[in-house]
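> Take this structure, written in structure tokens, and hold onto it; I'll ask about it next.
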Protein chains: 2
Amino acid sequence: MKIETRNCIGQGFSTGTGKTFQAVNPATNEFLSEKFYVASATDADAALQKADESYATFAALDWDKRALFLEEIAHQMEALGDDLLERASLETGLPIGRLAGERGRTTGQLRMFADYIRQGRWVEATIETAQPARTPLPKPDLRKMMQPLGPVIVFGSSNFPLAYSVAGGDTAAALAAGCPVVVKAHPAHPGTSALVAMAILKAAQLTHMPEGVFSLLYCNGFTIGEALVTHPKAAAVGFTGSLNGGRALFNLAAQRPNPIPVFAEMGSTNPVVLLPGALSENAKTIAAQYADSITLGVGQFCTNPGLLLGIKGPELTQFKEALAALLSAKLPETMLHKGISQAFNTKSSDMLAQPEVALLAQSDTHPATGAGRPMVATASGTAFKANPALHQEVFGPFSLLIECDDLEELKTCVSTLQGQLTGTLIGTDTEWEASKSLVQALTQKVGRVIFNGVPTGVEVCAAMQHGGPYPATTDARFTAVGVDAIKRFLRPVAFQNTPDALLPKALQNANPLQISRRINGAYTHNAL
Amino acid sequence: MKIETRNCIGQGFSTGTGKTFQAVNPATNEFLSEKFYVASATDADAALQKADESYATFAALDWDKRALFLEEIAHQMEALGDDLLERASLETGLPIGRLAGERGRTTGQLRMFADYIRQGRWVEATIETAQPARTPLPKPDLRKMMQPLGPVIVFGSSNFPLAYSVAGGDTAAALAAGCPVVVKAHPAHPGTSALVAMAILKAAQLTHMPEGVFSLLYCNGFTIGEALVTHPKAAAVGFTGSLNGGRALFNLAAQRPNPIPVFAEMGSTNPVVLLPGALSENAKTIAAQYADSITLGVGQFCTNPGLLLGIKGPELTQFKEALAALLSAKLPETMLHKGISQAFNTKSSDMLAQPEVALLAQSDTHPATGAGRPMVATASGTAFKANPALHQEVFGPFSLLIECDDLEELKTCVSTLQGQLTGTLIGTDTEWEASKSLVQALTQKVGRVIFNGVPTGVEVCAAMQHGGPYPATTDARFTAVGVDAIKRFLRPVAFQNTPDALLPKALQNANPLQISRRINGAYTHNAL
């Protein structure tokens, strides 16, 4: 399948700066043949101008038309067949099976948002009818609903080349909301990005979307990202990646003349609290769960359990021994790109070089270049409380086990945690009663609390919260996964004493869309 | 009634730095007798430490207990009787009648939030039940609800000494959400602030709230505001005031190691589009409405109509003449404080000094010191499009009428507007059909669109949106008025495979709170 190597500005193409870059196969460290054109500042401006021009039309489309667009994107992605998976595997080192699953998640998300916007709850239609006779002042007719924010900038992520990249969760949520999208492709998988962009552009044509509703730009540096985030027409930013990268974008957006929201999903160590009762009953099973979870996808999930907290004792010793044995037998696997594998090597070495940190176990197999060697280290609760370096994320198949003297020290360790995507508690029914304050303390730090499970595996559903206090994200008030992710790209607008014909359909008297609305405090599908 | 002049740190008192300041009666420019103690950095730290210590307990309280606290605050405010209104009038120059109305709005807001949190919709309880047999992976049980963010910093506003100050909308929303509150009193009305703080502290004692759930600090400079916003335990900020002040707080919060949200409601010119048909039918009535709206409360409402846009012609001439005559007869009145009246004089003079801006009319009465003289100026559409200075807000009884050559120029002027709290359209039924693109363009710029009315008068109800794109606010995604204002201080947390007894009541199987919940996509009051 031919891969487009030019930037896509709406339905047009640009060779931008004329400079090019190539993707690298992380398994072989060899360049792939296609040369992708680095976008110019003019391209960034043109993409956002086109996005802005399409905004009013796209925002005002009947929801069903936007839903059909999303469904057609899913269909066109599927129509790419194995070519998409093979290209993504070449560029990321991820196995075809995992990528097939990720494609299913991606198309599933697109269809989920299509269904969700058709239902109409997402606009939170609220009506308060007039009371002209009220004293001392009459009450006006007020009607409120959500409206799209405007053009959204999406940064493709390296660890989800499909589900959090060109047509991933951020793009799907923004398009569903009625926001045009400009994607900055992740430079590690430009070919995958190009294939998906073509699917989106084809879908846009087939479903008659306004020109400019989608653009894709390439850049192997920071220029284009900065140009997009600081552009006057940009209204919001979606990002999944490192703390440094996310914070840099947040800072740029906050320093704009008109600041815009940045939804950056960044680092997390996803702490796991291991209570002794559970270890006493199931040390080996839990160790097996965690040996798998720590190494799943070469540890490259944002919910990877990078921090385990237990209480010294024979149960923890048994768990450690089992985990060490299982982890030693795990094989190093290719990481997403050279930068990530180098960072993994550096950060895991730095962690092991910290005072009082000791290696517990690592894969018996020496890793090939670009592969991540699974490892687990240990440290005391005292060291963890005293040393901020032990709170840092090591992105990859790494976990640090903190051995606390007692439950009190464990609680103190939890209270010193930074914000996290997830927090997990492993315990028995009899242990929970005494652990309520621990549960509460952990809940304050995280977006999702998990009981007797692993944090990896993020269910895409309405009850999911994928987010958490800084530095897990830049905005804990929103989720990046599930239907509520659409809320990031909406703002409420109220209409006062508005003629019915000028109201959006969702707020008209007859309720032509037959949606649930909050009318004078009660939820109803009725017309007014 | 004795007025407490010390800072309130929870239920304790502090003389802080030992330095003091006094309120000034803006009508006489004389100092009021009480000397209020300027808080120290230690006070700010102590207030936030106490707030943080109370947070877990306060957040976990049964909603009914928090509701009783809010209701008791309203009751205690009412129990202050005329003393509160008289003090507020002395400190702000606002008439007793207006302040009585504002007190009613304030106690009404407290009771509205009490009712609202009891209903339980605000936690947006969402449950997806487990599917253990699902392939390829089982689906876990996931339950999500809103949780309070943590201690909230509230800055008292000058223009609403009751409704947006110590026990105002931000405080009521934050307490309702379960967030402890630290208020920085506005230095223009410290006595009013002290009285209301005593009402809150008495209510907190009577309803057995945890110590530290509320503190009040005084500062007549910027030191304490900065200390509060940059304090590690602060989780969010509410502010109503100037663009410079709001942006400074936003910048401080964005530069923190862990950025926190700032809800600053700032400047707005609240543009009003006057279509010729409406003026042709009702020029005099509309002129009368606007002469009143421009001068209401000495123009010191954030929704004051500071910008009128019309199309040259006999209808607009008739409107101008009527407005000029009515405005000339309006009387100057005392403004809130010296800083505001000085700024009004400077900014209105600066506006009149702009090229192509001409005075249309001003009050025939020369103002006393500290009073704001109502005035209206005019400029052409060409000047408005070319000169950003004409887009600036003049806070006070001032409005700038832009005379456009035709509808096209008027539309262009609208497209150049910055973000606004409100936008108003005055037209006839026959004019609307041709104005759809104008309505759409205005909607993109504002939080509330008003038809054939005035922007002043902000109904406190669920369908109100009081907010708007920057610079109207720092976060257009939220409202500062109405029940949805609670959303500013909440974040979602998901619980995965959680034992029923460890779940918050809102998510337990039996639905003990009997609230509406989204269960597997459908809304129901049923138990699981």
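We name chains A, B, ... following the order of the structure tokens; residues begin at 1 in each chain, and ligands are numbered from 1 as shown.
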In stretch 185-404 of chain A, what's alpha helix (DSSP H) per DSSP? Answer as number ranges by chain?
A: 190-206, 223-229, 243-254, 276-295, 314-328, 338-353, 381-386
> Mind checking which residues fall within 6 Å of A:Ala125, counting only C-alpha atoms, ignoring those fewer than 3 positions away in the same chain, and posting them as a list of chain:residue names?
A:Lys144, A:Met145, A:Arg517
> Tell me, as a PyMOL selection string, which residues lie within 12 Å of A:Pro512, counting only C-alpha atoms; anything in the same chain fewer than 2 positions away does not count.
chain A and resi 62+120+500-501+503-510+514-517+525-528
> Take the residues from that selection and put them in a file with N, CA and C atoms, as a tab-separated table (two decimals), in the first residue's frame.

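Result file follows (out_22.tsv):
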```tsv
chain	number	residue	atom	x	y	z
A	62	ASP	N	-25.99	18.13	12.04
A	62	ASP	CA	-26.79	17.17	12.79
A	62	ASP	C	-25.87	16.10	13.36
A	120	GLY	N	-27.63	12.03	22.72
A	120	GLY	CA	-27.92	13.42	23.04
A	120	GLY	C	-27.72	13.85	24.48
A	500	ASP	N	-37.84	30.23	19.20
A	500	ASP	CA	-37.68	28.78	19.05
A	500	ASP	C	-36.89	28.40	17.81
A	501	ALA	N	-37.15	29.09	16.70
A	501	ALA	CA	-36.50	28.72	15.44
A	501	ALA	C	-35.00	29.02	15.46
A	503	LEU	N	-33.14	28.56	18.19
A	503	LEU	CA	-32.49	27.67	19.16
A	503	LEU	C	-31.89	26.46	18.45
A	504	PRO	N	-30.79	25.91	18.97
A	504	PRO	CA	-30.35	24.60	18.49
A	504	PRO	C	-31.49	23.59	18.73
A	505	LYS	N	-31.57	22.58	17.85
A	505	LYS	CA	-32.68	21.62	17.97
A	505	LYS	C	-32.80	21.03	19.36
A	506	ALA	N	-31.66	20.83	20.01
A	506	ALA	CA	-31.67	20.18	21.33
A	506	ALA	C	-32.45	20.98	22.36
A	507	LEU	N	-32.65	22.26	22.09
A	507	LEU	CA	-33.32	23.13	23.08
A	507	LEU	C	-34.69	23.61	22.62
A	508	GLN	N	-35.11	23.17	21.44
A	508	GLN	CA	-36.40	23.65	20.93
A	508	GLN	C	-37.56	23.03	21.71
A	509	ASN	N	-38.67	23.77	21.74
A	509	ASN	CA	-39.84	23.33	22.51
A	509	ASN	C	-40.27	21.90	22.18
A	510	ALA	N	-40.32	21.58	20.90
A	510	ALA	CA	-40.89	20.29	20.48
A	510	ALA	C	-39.97	19.12	20.78
A	514	GLN	N	-35.75	14.26	20.46
A	514	GLN	CA	-36.27	13.29	21.44
A	514	GLN	C	-35.21	12.85	22.45
A	515	ILE	N	-34.50	13.84	22.97
A	515	ILE	CA	-33.46	13.54	23.95
A	515	ILE	C	-33.96	13.82	25.37
A	516	SER	N	-33.23	13.30	26.34
A	516	SER	CA	-33.53	13.58	27.74
A	516	SER	C	-33.03	14.98	28.07
A	517	ARG	N	-33.89	15.77	28.70
A	517	ARG	CA	-33.49	17.14	29.06
A	517	ARG	C	-33.89	17.42	30.50
A	525	HIS	N	-38.08	13.28	28.63
A	525	HIS	CA	-37.99	13.27	27.17
A	525	HIS	C	-39.15	14.09	26.56
A	526	ASN	N	-39.97	14.67	27.38
A	526	ASN	CA	-41.17	15.36	26.89
A	526	ASN	C	-40.84	16.65	26.14
A	527	ALA	N	-41.78	17.00	25.24
A	527	ALA	CA	-41.72	18.33	24.63
A	527	ALA	C	-42.19	19.34	25.66
A	528	LEU	N	-41.94	20.60	25.36
A	528	LEU	CA	-42.43	21.66	26.28
A	528	LEU	C	-43.84	22.03	25.89
```
> Report the distance between atom CA of B:Ala199 and atom CA of B:Ile73 in Å, rounded to one decimal place.
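Computing the Euclidean distance for atom CA of B:Ala199 and atom CA of B:Ile73 yields 6.0 Å.
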> Show me, as a list in words, the residues that have an atom within 10 Å of B:Thr412 when counting only C-alpha atoms, minus same-chain residues fewer than 2 positions from it.
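Here the answer would be Gly381, Thr382, Lys385, Cys404, Leu407, Glu408, Glu409, Leu410, Val414, Ser415, Thr416, Leu417, Leu438 and Ala441 of chain B.
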> Next, the residues of the selection above should be written as a PDB file, in the first residue's frame with C-alpha atoms.

```pdb
ATOM      1  CA  GLY B 381     -17.281  50.308  12.673  1.00  0.00           C
ATOM      2  CA  THR B 382     -14.048  51.048  10.828  1.00  0.00           C
ATOM      3  CA  LYS B 385     -12.209  46.985  13.625  1.00  0.00           C
ATOM      4  CA  CYS B 404     -21.596  50.324  11.345  1.00  0.00           C
ATOM      5  CA  LEU B 407     -25.005  44.470   8.304  1.00  0.00           C
ATOM      6  CA  GLU B 408     -21.832  43.087   6.759  1.00  0.00           C
ATOM      7  CA  GLU B 409     -19.653  45.489   8.706  1.00  0.00           C
ATOM      8  CA  LEU B 410     -21.609  44.691  11.854  1.00  0.00           C
ATOM      9  CA  VAL B 414     -18.794  40.759  15.877  1.00  0.00           C
ATOM     10  CA  SER B 415     -16.201  38.393  14.435  1.00  0.00           C
ATOM     11  CA  THR B 416     -13.402  40.545  15.881  1.00  0.00           C
ATOM     12  CA  LEU B 417     -14.794  40.446  19.426  1.00  0.00           C
ATOM     13  CA  LEU B 438     -24.865  36.554  13.121  1.00  0.00           C
ATOM     14  CA  ALA B 441     -20.971  34.120  15.245  1.00  0.00           C
TER      15      ALA B 441
END
```
> Just how far from atom CA of A:Arg134 is atom CA of B:Arg111, in Å to one decimal?
19.3 Å
> What's around A:Thr303 at 10 Å? Count only C-alpha atoms, leave out sequence neighbours fewer than 5 positions away in its own chain, and write the answer as a ChimeraX atom specification.
/A:267-271,293-294,420-423,454-458,466
> Going by DSSP on the backbone, which residues of stretch 77-300 of chain B come out as strand (DSSP E)? List them as a ChimeraX atom specification.
/B:126-128,142-148,152-155,181-184,214-217,236-240,262-265,272-274
> Could you turn the residues from that selection into a file that holds C-alpha atoms, as a PDB file, in the first residue's frame?

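File produced: part10.pdb:
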```pdb
ATOM      1  CA  THR B 126     -22.026   5.802  36.914  1.00  0.00           C
ATOM      2  CA  ILE B 127     -21.885   2.031  37.233  1.00  0.00           C
ATOM      3  CA  GLU B 128     -20.872  -0.602  34.715  1.00  0.00           C
ATOM      4  CA  LEU B 142     -16.428  -0.153  37.433  1.00  0.00           C
ATOM      5  CA  ARG B 143     -18.145   2.608  39.377  1.00  0.00           C
ATOM      6  CA  LYS B 144     -17.402   6.284  39.033  1.00  0.00           C
ATOM      7  CA  MET B 145     -18.478   9.386  40.906  1.00  0.00           C
ATOM      8  CA  MET B 146     -17.407  12.942  41.534  1.00  0.00           C
ATOM      9  CA  GLN B 147     -15.187  13.707  44.512  1.00  0.00           C
ATOM     10  CA  PRO B 148     -14.147  17.089  45.943  1.00  0.00           C
ATOM     11  CA  VAL B 152     -10.366  25.977  47.614  1.00  0.00           C
ATOM     12  CA  ILE B 153      -9.098  29.572  47.749  1.00  0.00           C
ATOM     13  CA  VAL B 154     -11.827  32.179  47.282  1.00  0.00           C
ATOM     14  CA  PHE B 155     -11.089  35.850  46.643  1.00  0.00           C
ATOM     15  CA  VAL B 181     -12.545  27.053  51.854  1.00  0.00           C
ATOM     16  CA  VAL B 182      -9.982  29.739  52.658  1.00  0.00           C
ATOM     17  CA  VAL B 183     -11.265  33.216  51.800  1.00  0.00           C
ATOM     18  CA  LYS B 184      -9.065  36.209  51.204  1.00  0.00           C
ATOM     19  CA  PHE B 214     -13.372  27.660  56.730  1.00  0.00           C
ATOM     20  CA  SER B 215     -10.813  30.424  57.265  1.00  0.00           C
ATOM     21  CA  LEU B 216     -10.757  34.138  56.471  1.00  0.00           C
ATOM     22  CA  LEU B 217      -7.619  36.192  55.949  1.00  0.00           C
ATOM     23  CA  ALA B 236      -8.430  25.373  43.161  1.00  0.00           C
ATOM     24  CA  VAL B 237      -9.072  29.112  43.099  1.00  0.00           C
ATOM     25  CA  GLY B 238     -12.245  31.179  42.657  1.00  0.00           C
ATOM     26  CA  PHE B 239     -11.977  34.850  41.751  1.00  0.00           C
ATOM     27  CA  THR B 240     -14.245  37.602  40.456  1.00  0.00           C
ATOM     28  CA  VAL B 262      -8.290  29.003  38.515  1.00  0.00           C
ATOM     29  CA  PHE B 263     -11.870  30.069  37.913  1.00  0.00           C
ATOM     30  CA  ALA B 264     -11.452  33.775  37.347  1.00  0.00           C
ATOM     31  CA  GLU B 265     -14.446  35.699  36.134  1.00  0.00           C
ATOM     32  CA  VAL B 272     -25.389  44.304  22.254  1.00  0.00           C
ATOM     33  CA  VAL B 273     -26.370  44.090  18.600  1.00  0.00           C
ATOM     34  CA  LEU B 274     -29.183  46.477  17.706  1.00  0.00           C
TER      35      LEU B 274
END
```
> Show me, as a PyMOL selection string, the residues that have an atom within 10 Å of stretch 320-323 of chain A when counting only C-alpha atoms, minus same-chain residues fewer than 5 positions from it.
chain A and resi 283-292+314-315+328+360-361+376+378+401
> Taking C-alpha atoms for each residue, export the selection above as a JSON list (two decimals), in the first residue's frame.

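Now in selection.json:
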```json
[["chain", "number", "residue", "atom", "x", "y", "z"],
["A", 283, "ALA", "CA", 1.52, -14.85, 47.34],
["A", 284, "LYS", "CA", 2.32, -16.93, 44.28],
["A", 285, "THR", "CA", -0.81, -16.08, 42.33],
["A", 286, "ILE", "CA", -0.39, -12.38, 43.04],
["A", 287, "ALA", "CA", 3.29, -12.56, 42.08],
["A", 288, "ALA", "CA", 2.33, -14.18, 38.79],
["A", 289, "GLN", "CA", -0.30, -11.50, 38.11],
["A", 290, "TYR", "CA", 2.27, -8.80, 38.73],
["A", 291, "ALA", "CA", 5.13, -10.40, 36.83],
["A", 292, "ASP", "CA", 2.74, -10.34, 33.87],
["A", 314, "PRO", "CA", 7.23, -13.80, 55.80],
["A", 315, "GLU", "CA", 4.30, -13.13, 53.42],
["A", 328, "SER", "CA", 13.83, -13.69, 35.82],
["A", 360, "LEU", "CA", 15.68, -7.87, 43.39],
["A", 361, "ALA", "CA", 15.56, -9.61, 40.04],
["A", 376, "VAL", "CA", 12.31, -5.32, 39.95],
["A", 378, "THR", "CA", 13.53, -2.98, 46.39],
["A", 401, "LEU", "CA", 9.00, -2.71, 45.76]]
```
> Counting only C-alpha atoms, figure out which residue out of A:Thr524, A:Thr498, A:Asn159, A:Gln440 gets nearest to A:Ala130.
A:Thr498
> As a tab-separated table (two decimals) with C-alpha atoms, in the first residue's frame, please: the residues near A:Val298 (cut-off 8 Å, only C-alpha atoms, same-chain neighbours under 6 positions excluded).

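After the write, result25.tsv holds the following:
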```
chain	number	residue	atom	x	y	z
A	332	PRO	CA	13.36	-8.73	27.06
A	333	GLU	CA	11.31	-7.40	24.16
A	334	THR	CA	11.72	-4.58	21.67
A	335	MET	CA	10.65	-1.21	23.01
A	372	GLY	CA	13.80	-3.59	27.59
A	374	PRO	CA	12.38	-6.63	32.89
A	396	GLY	CA	9.16	0.32	30.84
A	397	PRO	CA	9.17	-3.16	32.45
```
> With distances taken over only C-alpha atoms, which residue among B:Gly221, B:Pro232, B:Gly299, B:Pro132 lies nearest B:Lys19?
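Checking each candidate against B:Lys19, we get B:Gly221 as the closest.
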